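K.L.:
Dropping in work.txt, with compact mmCIF, C-alpha atoms.
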# COMPACT_ATOMS: atom_id res chain seq x y z
CA MET A 24 -29.77 73.54 8.94
CA SER A 25 -29.06 74.52 5.34
CA THR A 26 -30.21 72.28 2.53
CA LYS A 27 -26.57 71.78 1.51
CA TYR A 28 -25.61 70.69 5.03
CA ALA A 29 -28.64 68.34 5.24
CA TRP A 30 -27.67 66.56 2.04
CA ALA A 31 -24.11 66.13 3.33
CA VAL A 32 -25.45 64.48 6.52
CA ILE A 33 -27.68 62.17 4.48
CA ALA A 34 -24.77 61.24 2.22
CA LEU A 35 -22.56 60.46 5.21
CA PHE A 36 -25.37 58.41 6.78
CA LEU A 37 -25.86 56.38 3.61
CA ALA A 38 -22.10 55.84 3.27
CA GLY A 39 -22.01 54.69 6.88
CA CYS A 40 -24.89 52.31 6.25
CA SER A 41 -23.19 50.82 3.27
CA GLN A 42 -20.06 50.22 5.35
CA SER A 43 -21.83 48.76 8.35
CA ALA A 44 -24.04 46.37 6.37
CA PRO A 45 -21.89 44.72 3.71
CA PRO A 46 -23.47 42.07 1.51
CA PRO A 47 -23.48 38.65 3.11
CA ALA A 48 -19.95 37.30 2.64
CA THR A 49 -19.25 33.69 1.73
CA LYS A 50 -16.69 32.10 3.98
CA PRO A 51 -13.37 31.83 2.14
CA ALA A 52 -12.42 28.30 1.17
CA PRO A 53 -9.54 26.94 3.25
CA THR A 54 -6.19 27.09 1.53
CA PRO A 55 -5.49 23.64 0.08
CA SER A 56 -2.78 21.84 1.96
CA LYS A 57 0.31 20.75 0.07
CA LEU A 58 -0.62 17.21 1.06
CA GLU A 59 -3.85 17.19 -0.93
CA GLY A 60 -4.05 15.08 -4.07
CA MET A 61 -3.34 11.54 -5.20
CA TRP A 62 -0.41 9.50 -3.94
CA SER A 63 0.55 5.94 -4.73
CA ASP A 64 3.25 3.29 -4.49
CA PRO A 65 6.70 4.46 -3.33
CA PRO A 66 9.57 5.44 -5.64
CA PRO A 67 11.36 2.44 -7.20
CA THR A 68 14.31 2.64 -4.85
CA ALA A 69 15.75 0.05 -2.49
CA VAL A 70 14.41 1.82 0.60
CA GLY A 71 11.13 2.84 -1.04
CA THR A 72 10.45 -0.77 -1.98
CA PHE A 73 11.41 -2.00 1.49
CA CYS A 74 8.76 0.39 2.81
CA PHE A 75 6.21 -0.69 0.18
CA PHE A 76 3.86 -1.70 2.99
CA ALA A 77 5.49 -0.25 6.10
CA CYS A 78 8.92 -0.20 7.71
CA THR A 79 10.91 1.02 10.69
CA ASP A 80 14.12 3.02 11.04
CA ALA A 81 15.79 -0.15 12.40
CA GLY A 82 14.89 -2.02 9.22
CA ILE A 83 15.98 0.83 6.92
CA GLU A 84 19.34 1.11 8.70
CA ARG A 85 19.86 -2.64 8.40
CA LEU A 86 18.96 -2.61 4.70
CA ASN A 87 21.38 0.25 4.00
CA ALA A 88 24.15 -1.57 5.89
CA LEU A 89 23.55 -4.70 3.81
CA LEU A 90 23.50 -2.72 0.55
CA ASP A 91 26.75 -0.95 1.48
CA ASP A 92 28.58 -4.21 2.21
CA PRO A 93 30.56 -5.23 -0.92
CA ALA A 94 30.14 -8.88 0.09
CA ASN A 95 26.44 -8.52 -0.79
CA ASP A 96 26.85 -6.97 -4.24
CA LYS A 97 26.11 -10.25 -6.02
CA LYS A 98 23.14 -11.17 -3.84
CA PRO A 99 19.66 -10.44 -5.16
CA TYR A 100 17.90 -7.44 -3.65
CA GLY A 101 15.03 -9.65 -2.51
CA GLU A 102 17.39 -11.62 -0.28
CA LEU A 103 18.71 -8.44 1.37
CA ARG A 104 15.19 -7.07 1.75
CA ALA A 105 14.09 -10.29 3.44
CA ALA A 106 17.13 -10.17 5.76
CA ALA A 107 16.38 -6.56 6.76
CA ASP A 108 12.73 -7.48 7.26
CA LYS A 109 13.68 -10.36 9.53
CA TYR A 110 16.10 -8.12 11.47
CA GLN A 111 13.33 -5.54 11.93
CA SER A 112 10.91 -8.21 13.16
CA GLU A 113 13.30 -9.89 15.56
CA ASN A 114 15.27 -6.91 16.89
CA TYR A 115 12.81 -4.03 16.83
CA LEU A 116 9.26 -5.39 16.87
CA ARG A 117 9.44 -8.63 18.87
CA PRO A 118 11.14 -7.03 21.95
CA LYS A 119 8.31 -4.50 22.15
CA LEU A 120 5.55 -7.11 22.30
CA THR A 121 3.88 -8.10 25.56
CA ASP A 122 3.53 -11.73 26.60
CA ALA A 123 -0.12 -11.59 25.51
CA ALA A 124 0.81 -10.57 21.96
CA LEU A 125 3.76 -12.97 21.78
CA LYS A 126 1.42 -15.94 22.28
CA THR A 127 0.23 -15.63 18.68
CA TYR A 128 3.06 -13.65 17.05
CA PRO A 129 3.57 -13.85 14.15
CA LEU A 130 0.03 -14.74 13.11
CA ASP A 131 -0.37 -17.38 10.43
CA PRO A 132 -1.15 -15.59 7.12
CA ALA A 133 -3.88 -18.19 6.54
CA ASP A 134 -5.71 -16.84 9.61
CA ASP A 135 -6.01 -13.35 8.12
CA PRO A 136 -9.74 -12.44 8.14
CA GLY A 137 -9.21 -10.50 4.90
CA PHE A 138 -7.98 -13.68 3.26
CA LEU A 139 -10.48 -16.06 4.84
CA ARG A 140 -13.63 -13.96 4.79
CA CYS A 141 -12.87 -10.82 2.76
CA GLU A 142 -13.13 -8.71 5.93
CA PRO A 143 -11.62 -5.26 5.30
CA TRP A 144 -8.57 -4.29 7.32
CA GLY A 145 -8.63 -2.39 10.57
CA LEU A 146 -6.70 0.83 11.08
CA ALA A 147 -3.40 -0.81 12.14
CA LYS A 148 -3.01 -2.25 8.63
CA GLN A 149 -5.19 0.06 6.55
CA MET A 150 -3.19 3.20 7.31
CA PHE A 151 -0.17 1.57 5.65
CA ALA A 152 -2.11 0.08 2.72
CA PRO A 153 -0.15 -0.10 -0.54
CA HIS A 154 -1.23 1.70 -3.70
CA GLN A 155 -3.40 4.79 -3.83
CA LEU A 156 -3.97 7.26 -1.02
CA GLU A 157 -6.00 10.34 -1.91
CA ILE A 158 -6.02 13.24 0.56
CA ARG A 159 -8.86 15.74 0.11
CA ARG A 160 -10.41 18.54 2.16
CA ALA A 161 -13.99 17.24 2.34
CA ALA A 162 -15.31 20.30 4.22
CA ASP A 163 -13.93 23.21 6.24
CA ASP A 164 -13.73 21.04 9.32
CA ARG A 165 -12.53 17.73 7.91
CA ILE A 166 -10.11 15.95 5.63
CA GLU A 167 -10.74 12.61 3.97
CA LEU A 168 -8.11 9.92 3.46
CA ARG A 169 -9.26 7.59 0.67
CA TYR A 170 -7.31 4.38 0.09
CA GLY A 171 -7.31 2.20 -3.03
CA GLU A 172 -6.95 -0.95 -0.97
CA TRP A 173 -10.43 -1.97 0.20
CA GLU A 174 -11.71 1.45 -1.00
CA ALA A 175 -11.44 2.48 2.63
CA VAL A 176 -12.25 6.05 3.67
CA ARG A 177 -11.12 7.75 6.86
CA THR A 178 -12.47 11.09 8.07
CA VAL A 179 -10.14 13.33 10.05
CA TYR A 180 -11.95 16.08 11.98
CA LEU A 181 -10.05 19.37 12.22
CA ASP A 182 -12.48 21.35 14.42
CA GLY A 183 -11.01 20.36 17.77
CA ARG A 184 -13.80 17.95 18.69
CA THR A 185 -13.10 15.04 21.01
CA ARG A 186 -14.36 11.51 20.65
CA PRO A 187 -17.67 10.98 22.49
CA ALA A 188 -17.06 8.85 25.57
CA ASN A 189 -19.78 6.33 24.73
CA GLU A 190 -18.93 5.96 21.04
CA PRO A 191 -18.35 2.28 20.23
CA SER A 192 -15.03 1.19 18.72
CA THR A 193 -14.94 0.82 14.96
CA ARG A 194 -12.65 -0.77 12.39
CA LEU A 195 -10.90 2.50 11.51
CA GLY A 196 -11.50 4.39 14.76
CA HIS A 197 -12.19 8.07 15.38
CA SER A 198 -9.59 10.49 14.01
CA VAL A 199 -8.98 14.12 14.88
CA GLY A 200 -6.27 16.23 13.32
CA ARG A 201 -4.46 19.54 13.12
CA PHE A 202 -1.85 21.20 10.99
CA GLU A 203 1.52 22.02 12.50
CA GLY A 204 2.92 24.16 9.72
CA GLU A 205 2.63 21.95 6.65
CA THR A 206 2.53 18.74 8.69
CA LEU A 207 -0.83 17.03 9.17
CA VAL A 208 -1.00 15.42 12.59
CA VAL A 209 -3.76 12.82 13.04
CA GLU A 210 -4.63 11.21 16.36
CA THR A 211 -6.84 8.12 16.32
CA ALA A 212 -8.51 6.11 19.09
CA GLY A 213 -11.64 3.98 19.34
CA VAL A 214 -10.26 1.27 17.08
CA ALA A 215 -11.75 -2.21 17.42
CA ALA A 216 -9.35 -5.05 18.28
CA GLY A 217 -7.60 -6.32 15.17
CA ILE A 218 -4.29 -7.08 13.48
CA THR A 219 -1.23 -4.87 12.98
CA TRP A 220 0.92 -4.62 9.85
CA TRP A 221 3.56 -6.70 11.64
CA ASP A 222 1.11 -9.60 11.98
CA ALA A 223 0.34 -9.30 15.69
CA GLN A 224 -2.98 -8.93 17.46
CA HIS A 225 -3.87 -5.63 19.12
CA SER A 226 -6.63 -4.56 21.50
CA ASP A 227 -9.24 -1.80 21.38
CA GLN A 228 -6.90 0.32 23.51
CA LEU A 229 -4.82 1.04 20.40
CA ARG A 230 -3.89 4.69 19.88
CA VAL A 231 -2.05 6.11 16.90
CA VAL A 232 -0.47 9.46 16.09
CA GLU A 233 0.30 9.92 12.38
CA ARG A 234 2.44 12.75 11.01
CA PHE A 235 2.13 13.32 7.24
CA THR A 236 4.70 15.55 5.51
CA ARG A 237 5.50 16.26 1.89
CA SER A 238 9.15 16.16 0.82
CA ASP A 239 10.86 19.44 -0.11
CA ASP A 240 10.88 18.48 -3.80
CA GLY A 241 7.18 17.62 -3.61
CA THR A 242 7.51 14.13 -5.03
CA THR A 243 6.91 12.01 -1.93
CA LEU A 244 4.55 11.88 1.01
CA ASN A 245 6.13 10.61 4.20
CA LEU A 246 4.30 9.15 7.16
CA THR A 247 5.66 8.57 10.64
CA ALA A 248 3.15 6.73 12.81
CA THR A 249 3.57 6.16 16.54
CA ILE A 250 1.47 3.22 17.69
CA GLU A 251 0.61 2.47 21.31
CA ASP A 252 -1.43 -0.36 22.82
CA PRO A 253 -0.92 -1.35 26.48
CA TRP A 254 -2.34 -4.83 25.81
CA SER A 255 0.06 -5.79 23.01
CA LEU A 256 3.00 -3.36 23.27
CA ARG A 257 5.48 -2.70 26.06
CA GLU A 258 6.45 0.57 24.38
CA PRO A 259 5.39 2.48 21.27
CA VAL A 260 6.23 1.20 17.80
CA VAL A 261 7.31 3.90 15.35
CA THR A 262 6.53 3.04 11.74
CA LYS A 263 7.48 4.76 8.46
CA LYS A 264 5.75 4.76 5.09
CA ILE A 265 6.40 6.50 1.76
CA TRP A 266 4.05 7.33 -1.14
CA ARG A 267 4.93 8.84 -4.51
CA TRP A 268 3.03 11.81 -6.01
CA ALA A 269 0.72 10.20 -8.60
CA PRO A 270 -1.84 12.70 -9.95
CA ASN A 271 -2.82 10.40 -12.83
CA GLN A 272 -3.70 7.45 -10.62
CA LYS A 273 -7.28 6.60 -9.79
CA ILE A 274 -9.05 4.39 -7.32
CA THR A 275 -10.95 1.59 -9.03
CA PRO A 276 -13.79 -0.53 -7.60
CA TYR A 277 -12.80 -3.09 -5.03
CA ASP A 278 -15.68 -5.43 -5.55
CA SER A 279 -14.41 -8.86 -6.50
CA CYS A 280 -12.95 -10.32 -3.31
CA GLU A 281 -13.53 -14.05 -2.95
CA PRO A 282 -13.00 -15.85 0.35
CA ALA A 283 -10.17 -18.41 0.26
CA THR A 284 -11.23 -22.04 -0.08
CA GLU A 285 -8.08 -24.04 -0.89
CA PHE A 286 -5.03 -23.10 1.16
CA LYS A 287 -2.33 -24.37 3.46
CA LYS A 288 -1.49 -23.21 6.97
CA GLY A 289 2.00 -22.65 8.35
CA THR A 290 3.51 -20.87 5.33
CA ARG A 291 5.43 -17.58 5.30
CA GLU A 292 6.21 -15.12 2.53
CA PRO A 293 9.78 -15.56 1.26
CA MET B 29 25.26 -9.40 -18.17
CA ARG B 30 23.92 -12.86 -17.46
CA THR B 31 24.48 -12.35 -13.73
CA ARG B 32 22.63 -9.03 -13.93
CA ALA B 33 19.69 -10.64 -15.70
CA LEU B 34 19.59 -13.40 -13.10
CA LEU B 35 19.67 -10.88 -10.24
CA VAL B 36 16.78 -8.95 -11.77
CA ALA B 37 14.82 -12.17 -12.35
CA LEU B 38 15.35 -13.31 -8.76
CA SER B 39 14.42 -9.87 -7.49
CA ILE B 40 11.19 -9.96 -9.46
CA VAL B 41 10.24 -13.31 -7.92
CA VAL B 42 10.80 -12.02 -4.39
CA LEU B 43 9.20 -8.65 -5.11
CA THR B 44 6.19 -10.45 -6.52
CA ALA B 45 5.67 -12.27 -3.25
CA ALA B 46 6.18 -9.11 -1.20
CA HIS B 47 3.81 -7.07 -3.34
CA ALA B 48 1.23 -9.82 -3.50
CA ARG B 49 0.64 -9.53 0.22
CA ALA B 50 -0.83 -6.09 -0.43
CA HIS B 51 -4.30 -7.62 -0.12
CA HIS B 52 -3.30 -10.87 1.54
CA ALA B 53 -0.34 -13.24 1.62
CA PHE B 54 -0.02 -15.55 -1.41
CA SER B 55 1.97 -18.12 0.54
CA PRO B 56 -1.06 -20.05 1.94
CA VAL B 57 -2.24 -20.68 -1.64
CA TYR B 58 0.89 -20.77 -3.82
CA ASP B 59 4.37 -22.28 -3.60
CA ALA B 60 6.68 -19.35 -4.39
CA LYS B 61 9.72 -21.64 -4.58
CA ARG B 62 8.45 -23.50 -7.67
CA THR B 63 7.50 -22.21 -11.09
CA ILE B 64 5.61 -23.96 -13.88
CA VAL B 65 4.82 -23.02 -17.48
CA VAL B 66 1.39 -23.64 -19.00
CA GLU B 67 0.22 -22.90 -22.56
CA GLY B 68 -3.37 -22.30 -23.54
CA VAL B 69 -6.04 -20.06 -25.02
CA VAL B 70 -7.46 -17.15 -23.04
CA LYS B 71 -11.08 -17.76 -22.10
CA GLN B 72 -11.60 -14.75 -19.80
CA PHE B 73 -9.54 -11.95 -18.27
CA ARG B 74 -11.08 -10.24 -15.27
CA PHE B 75 -9.29 -6.94 -14.61
CA VAL B 76 -10.59 -6.43 -11.05
CA ASN B 77 -9.64 -5.82 -7.43
CA PRO B 78 -8.33 -7.19 -5.19
CA HIS B 79 -6.86 -9.70 -7.67
CA ALA B 80 -7.12 -9.90 -11.45
CA MET B 81 -7.91 -13.36 -12.83
CA LEU B 82 -7.25 -15.17 -16.09
CA LEU B 83 -9.14 -18.28 -17.18
CA MET B 84 -7.24 -20.25 -19.79
CA ASP B 85 -8.21 -23.40 -21.70
CA VAL B 86 -5.33 -25.84 -21.80
CA THR B 87 -5.38 -28.86 -24.13
CA ASP B 88 -3.61 -32.05 -23.15
CA LYS B 89 -1.46 -32.87 -26.19
CA LYS B 90 -1.76 -36.63 -25.67
CA THR B 91 -5.44 -37.04 -24.87
CA GLY B 92 -6.92 -33.89 -26.36
CA THR B 93 -8.75 -33.20 -23.13
CA VAL B 94 -9.31 -29.51 -22.38
CA VAL B 95 -9.07 -28.24 -18.81
CA THR B 96 -9.48 -24.68 -17.60
CA TRP B 97 -6.63 -23.13 -15.63
CA ASN B 98 -6.99 -20.21 -13.27
CA VAL B 99 -4.16 -17.64 -13.08
CA GLU B 100 -4.24 -15.15 -10.22
CA PHE B 101 -2.58 -11.72 -10.51
CA ALA B 102 -2.03 -8.73 -8.29
CA GLY B 103 -5.03 -6.38 -8.29
CA ARG B 104 -6.05 -3.85 -10.90
CA LEU B 105 -4.88 -1.12 -8.47
CA ASN B 106 -1.40 -2.58 -8.74
CA LEU B 107 -1.37 -3.56 -12.42
CA GLU B 108 -2.57 -0.14 -13.63
CA GLU B 109 0.49 1.40 -12.01
CA ALA B 110 2.51 -0.67 -14.47
CA GLY B 111 0.41 0.45 -17.43
CA TRP B 112 -1.83 -2.62 -17.73
CA THR B 113 -5.38 -2.20 -19.02
CA VAL B 114 -8.34 -4.51 -19.51
CA GLU B 115 -7.00 -4.96 -23.07
CA SER B 116 -3.61 -6.23 -21.93
CA ILE B 117 -4.79 -9.84 -22.29
CA LYS B 118 -7.36 -10.61 -24.99
CA VAL B 119 -9.90 -13.42 -25.13
CA GLY B 120 -8.94 -16.02 -27.72
CA GLU B 121 -5.22 -15.30 -27.83
CA HIS B 122 -2.71 -18.09 -27.35
CA VAL B 123 -0.47 -17.50 -24.36
CA LYS B 124 2.29 -19.19 -22.41
CA VAL B 125 2.09 -18.37 -18.71
CA THR B 126 4.79 -18.87 -16.10
CA GLY B 127 3.59 -18.97 -12.52
CA ASN B 128 3.84 -20.41 -9.01
CA PRO B 129 1.66 -23.51 -8.65
CA ALA B 130 -1.05 -23.74 -6.00
CA TRP B 131 -0.48 -26.05 -3.06
CA LYS B 132 -3.91 -27.63 -3.24
CA SER B 133 -5.24 -27.19 -6.76
CA ASP B 134 -3.90 -28.78 -9.94
CA GLN B 135 -5.11 -26.04 -12.31
CA ARG B 136 -4.25 -22.86 -10.52
CA MET B 137 -1.17 -20.63 -10.32
CA ALA B 138 0.05 -17.18 -9.33
CA PHE B 139 1.24 -15.06 -12.25
CA VAL B 140 4.93 -14.48 -12.87
CA LYS B 141 5.17 -13.87 -16.64
CA LEU B 142 3.03 -14.16 -19.79
CA GLU B 143 4.36 -14.68 -23.32
CA ARG B 144 2.16 -14.10 -26.38
CA ALA B 145 2.34 -16.00 -29.66
CA ASP B 146 4.21 -13.06 -31.26
CA GLY B 147 6.92 -13.28 -28.61
CA THR B 148 5.92 -10.14 -26.68
CA THR B 149 5.71 -10.54 -22.93
CA LEU B 150 3.75 -9.16 -20.02
CA GLN B 151 5.43 -8.88 -16.67
CA PRO B 152 4.23 -7.63 -13.32
CA GLY B 153 4.82 -3.95 -12.60
CA ASN B 154 7.59 -4.77 -10.24
CA ALA B 155 9.81 -5.88 -13.16
CA GLN B 156 10.50 -2.18 -13.80
CA ARG B 157 10.97 -1.62 -10.08
CA ALA B 158 13.48 -4.48 -9.86
CA SER B 159 15.51 -3.05 -12.76
CA ALA B 160 15.58 0.41 -11.13
CA ILE B 161 16.79 -1.07 -7.86
CA GLU B 162 19.59 -3.01 -9.55
CA GLU B 163 20.68 0.21 -11.28
CA GLU B 164 20.67 2.00 -7.91
CA ARG B 165 22.81 -0.79 -6.44
CA ARG B 166 25.33 -0.51 -9.28
CA GLN B 167 25.62 3.22 -8.65
CA ARG B 168 26.08 2.66 -4.92
CA ALA B 169 28.85 0.14 -5.61
CA GLN B 170 30.49 2.56 -8.04
CA GLN B 171 30.42 5.41 -5.51
CA ARG B 172 31.85 3.09 -2.89
CA SER B 173 34.77 2.13 -5.12
CA GLN B 174 35.43 5.79 -6.01
CA GLN B 175 35.59 6.75 -2.32
CA LYS B 176 38.40 4.23 -1.68
The structure given in the file should be rewritten as structure tokens.
P.N.:
Amino acid sequence: MSTKYAWAVIALFLAGCSQSAPPPATKPAPTPSKLEGMWSDPPPTAVGTFCFFACTDAGIERLNALLDDPANDKKPYGELRAAADKYQSENYLRPKLTDAALKTYPLDPADDPGFLRCEPWGLAKQMFAPHQLEIRRAADDRIELRYGEWEAVRTVYLDGRTRPANEPSTRLGHSVGRFEGETLVVETAGVAAGITWWDAQHSDQLRVVERFTRSDDGTTLNLTATIEDPWSLREPVVTKKIWRWAPNQKITPYDSCEPATEFKKGTREP
Amino acid sequence: MRTRALLVALSIVVLTAAHARAHHAFSPVYDAKRTIVVEGVVKQFRFVNPHAMLLMDVTDKKTGTVVTWNVEFAGRLNLEEAGWTVESIKVGEHVKVTGNPAWKSDQRMAFVKLERADGTTLQPGNAQRASAIEEERRQRAQQRSQQK
């Protein structure tokens, strides 16, 4: 072998080595989802305000029908909102409740554990909490949902894990998720018995599928949640919720709750 | 114009109740169908969650006795959305507060409106929301009449 040929072989060998043993690569950060960032109260529209807490398609349709009726033009919005809310409760929610849930529906607001004892909400109310919702990728395999109300934090695992069979139920349950295009789909089970946003009791058999999407113009975050619970519901309840993009909002400490001492039972919000 | 102002005012009252239930319902504590007006001097303003609180010293004009009133607001989370800060209400200032009285306490109310000595007012964030909704309703009515 000539010296020239030997050097060529060595050069090729070294080049091959450099290709086969690249420097340790850091795993690329996941592309941020369009959902990430700070969201807060809905746009100041008639429907947005109706869905300030949560709403249903039945309620939205009723509200729009009332707003489009010229006979209602002089009536205050609050009256129409209350009428649509009542329609939603009586014609959409109540028929879906089992006899077990109907025994206490609607619950007296004075029996709310959050009001009486400052107990944070369970999932069936917390996921519709008003005010801030911050969505952040906490790690490659998980997203965090941080709420202003109660400073609650939910972790959504994206690595395909399943809930351990012996894991006890918790207030906010165990959530796993996936992206379908730009839609974040979150499935939650293992939720301790509690209270729904429509003021009914639910059992620990509650299961929820949430679908989060951002509007085409980027200004709103829309949630459609399908809620099932064989103990309290004859069929699933589908709930809607809207947040507005609010990058300047922040979550402030939730540390001054005082249990109620002077109150009256048997009242309802107007 | 007067009708419009009345509609907005009524909307604010109902929106206040609806928004107040963010943390819990106000109805077990306050009578949303009645409003009262109380004047006094700010003793403390706690800009906190889940509900901001104002302590106000109120002097009985006949007897001179001073009693402390407690005014409950929506939470800081809610008020900041409307641009409120911890400086929005200052200790020592004279204020006139409109609110819903408590069912079971003589010196307690839920906030509806605050008027300062210089005539400026503080309203809940949903005052802006109520105005926007009334504007939306006017536009809907206009479109409806144009389609006829």
K.L.:
Write out, as a Markdown table, each residue of region 51-166 of chain A that has an atom at most 10 Å from region 97-121 of chain B, together with the closest pair of atoms and their distance in Å to one decimal, counting all atoms listed in the file, rows going by chain and rising number.
P.N.:
| residue | atom | partner | partner_atom | distance |
| --- | --- | --- | --- | --- |
| A:Ser63 | CA | B:Glu109 | CA | 8.6 |
| A:Asp64 | CA | B:Glu109 | CA | 8.2 |
| A:Pro153 | CA | B:Asn106 | CA | 8.7 |
| A:His154 | CA | B:Asn106 | CA | 6.6 |
| A:Gln155 | CA | B:Leu105 | CA | 7.7 |
K.L.:
What does the distance from CA of Lys287 (chain A) to CA of Val57 (chain B) come to in Å, to one decimal?
P.N.:
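Calculated distance between CA of Lys287 (chain A) and CA of Val57 (chain B) is 6.3 Å.
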K.L.:
With a cut-off of 9 Å and counting all atoms listed in the file, select all residues of chain A in contact with chain B and give the selection as a PDB file with C-alpha atoms, in the coordinates of the input.
P.N.:
ATOM      1  CA  SER A  63       0.550   5.940  -4.730  1.00  0.00           C
ATOM      2  CA  ASP A  64       3.250   3.290  -4.490  1.00  0.00           C
ATOM      3  CA  PRO A  66       9.570   5.440  -5.640  1.00  0.00           C
ATOM      4  CA  PRO A  67      11.360   2.440  -7.200  1.00  0.00           C
ATOM      5  CA  THR A  68      14.310   2.640  -4.850  1.00  0.00           C
ATOM      6  CA  ALA A  69      15.750   0.050  -2.490  1.00  0.00           C
ATOM      7  CA  THR A  72      10.450  -0.770  -1.980  1.00  0.00           C
ATOM      8  CA  PHE A  75       6.210  -0.690   0.180  1.00  0.00           C
ATOM      9  CA  PHE A  76       3.860  -1.700   2.990  1.00  0.00           C
ATOM     10  CA  LEU A  90      23.500  -2.720   0.550  1.00  0.00           C
ATOM     11  CA  ASP A  91      26.750  -0.950   1.480  1.00  0.00           C
ATOM     12  CA  ASP A  92      28.580  -4.210   2.210  1.00  0.00           C
ATOM     13  CA  PRO A  93      30.560  -5.230  -0.920  1.00  0.00           C
ATOM     14  CA  ASP A  96      26.850  -6.970  -4.240  1.00  0.00           C
ATOM     15  CA  LYS A  97      26.110 -10.250  -6.020  1.00  0.00           C
ATOM     16  CA  LYS A  98      23.140 -11.170  -3.840  1.00  0.00           C
ATOM     17  CA  PRO A  99      19.660 -10.440  -5.160  1.00  0.00           C
ATOM     18  CA  TYR A 100      17.900  -7.440  -3.650  1.00  0.00           C
ATOM     19  CA  GLY A 101      15.030  -9.650  -2.510  1.00  0.00           C
ATOM     20  CA  GLU A 102      17.390 -11.620  -0.280  1.00  0.00           C
ATOM     21  CA  ALA A 105      14.090 -10.290   3.440  1.00  0.00           C
ATOM     22  CA  ASP A 131      -0.370 -17.380  10.430  1.00  0.00           C
ATOM     23  CA  PRO A 132      -1.150 -15.590   7.120  1.00  0.00           C
ATOM     24  CA  ALA A 133      -3.880 -18.190   6.540  1.00  0.00           C
ATOM     25  CA  ASP A 135      -6.010 -13.350   8.120  1.00  0.00           C
ATOM     26  CA  GLY A 137      -9.210 -10.500   4.900  1.00  0.00           C
ATOM     27  CA  PHE A 138      -7.980 -13.680   3.260  1.00  0.00           C
ATOM     28  CA  ALA A 152      -2.110   0.080   2.720  1.00  0.00           C
ATOM     29  CA  PRO A 153      -0.150  -0.100  -0.540  1.00  0.00           C
ATOM     30  CA  HIS A 154      -1.230   1.700  -3.700  1.00  0.00           C
ATOM     31  CA  GLN A 155      -3.400   4.790  -3.830  1.00  0.00           C
ATOM     32  CA  GLY A 171      -7.310   2.200  -3.030  1.00  0.00           C
ATOM     33  CA  GLU A 172      -6.950  -0.950  -0.970  1.00  0.00           C
ATOM     34  CA  TRP A 173     -10.430  -1.970   0.200  1.00  0.00           C
ATOM     35  CA  GLN A 272      -3.700   7.450 -10.620  1.00  0.00           C
ATOM     36  CA  LYS A 273      -7.280   6.600  -9.790  1.00  0.00           C
ATOM     37  CA  ILE A 274      -9.050   4.390  -7.320  1.00  0.00           C
ATOM     38  CA  THR A 275     -10.950   1.590  -9.030  1.00  0.00           C
ATOM     39  CA  PRO A 276     -13.790  -0.530  -7.600  1.00  0.00           C
ATOM     40  CA  TYR A 277     -12.800  -3.090  -5.030  1.00  0.00           C
ATOM     41  CA  ASP A 278     -15.680  -5.430  -5.550  1.00  0.00           C
ATOM     42  CA  SER A 279     -14.410  -8.860  -6.500  1.00  0.00           C
ATOM     43  CA  CYS A 280     -12.950 -10.320  -3.310  1.00  0.00           C
ATOM     44  CA  GLU A 281     -13.530 -14.050  -2.950  1.00  0.00           C
ATOM     45  CA  ALA A 283     -10.170 -18.410   0.260  1.00  0.00           C
ATOM     46  CA  GLU A 285      -8.080 -24.040  -0.890  1.00  0.00           C
ATOM     47  CA  PHE A 286      -5.030 -23.100   1.160  1.00  0.00           C
ATOM     48  CA  LYS A 287      -2.330 -24.370   3.460  1.00  0.00           C
ATOM     49  CA  LYS A 288      -1.490 -23.210   6.970  1.00  0.00           C
ATOM     50  CA  GLY A 289       2.000 -22.650   8.350  1.00  0.00           C
ATOM     51  CA  THR A 290       3.510 -20.870   5.330  1.00  0.00           C
ATOM     52  CA  ARG A 291       5.430 -17.580   5.300  1.00  0.00           C
ATOM     53  CA  GLU A 292       6.210 -15.120   2.530  1.00  0.00           C
ATOM     54  CA  PRO A 293       9.780 -15.560   1.260  1.00  0.00           C
TER      55      PRO A 293
END
K.L.:
Have a look at CA of Phe202 (chain A) and CA of Ser255 (chain A) and let me know their distance in Å, one decimal.
P.N.:
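Straight-line distance from CA of Phe202 (chain A) to CA of Ser255 (chain A) works out to 29.6 Å.
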K.L.:
Leaving out Val231 (chain A) and any residue of its chain fewer than 4 positions from it, which residues lie within 10 Å of it when counting all atoms listed in the file, given as JSON, numbers by chain?
P.N.:
{"A": [146, 147, 196, 198, 209, 210, 211, 212, 214, 248, 249, 250, 251, 252, 259, 260, 261]}
K.L.:
Would you work out the distance separating CA of Thr127 (chain A) from CA of Ala223 (chain A), expressed in Å to one decimal?
P.N.:
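Interatomic distance, CA of Thr127 (chain A) to CA of Ala223 (chain A): 7.0 Å.
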K.L.:
Can you report as AutoDock Vina command-line options the centre and edge lengths in Å, to one decimal, of an axis-aligned box around the listed atoms of region 119-125 of chain B padded with 4 Å on each side?
P.N.:
--center_x -3.8 --center_y -16.3 --center_z -23.3 --size_x 20.2 --size_y 13.8 --size_z 17.1
K.L.:
What lies within 8 Å of Ile265 (chain A) using only C-alpha atoms, ignoring chain neighbours under 5 positions off, as a list in words?
P.N.:
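The contact residues come out as Asp64, Pro65, Gly71, Cys74, Phe75, Thr243, Leu244, Asn245 and Leu246 of chain A.
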K.L.:
Within 7 Å of Ala216 (chain A), counting all atoms listed in the file, which residues show up once you throw out same-chain ones fewer than 2 positions away? Write them as number ranges by chain, please.
P.N.:
A: 214, 225-227
K.L.:
Just write the chosen residues, C-alpha atoms, as a tab-separated table (two decimals), in the coordinates of the input.
P.N.:
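That gives us result15.tsv:
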chain	number	residue	atom	x	y	z
A	214	VAL	CA	-10.26	1.27	17.08
A	225	HIS	CA	-3.87	-5.63	19.12
A	226	SER	CA	-6.63	-4.56	21.50
A	227	ASP	CA	-9.24	-1.80	21.38
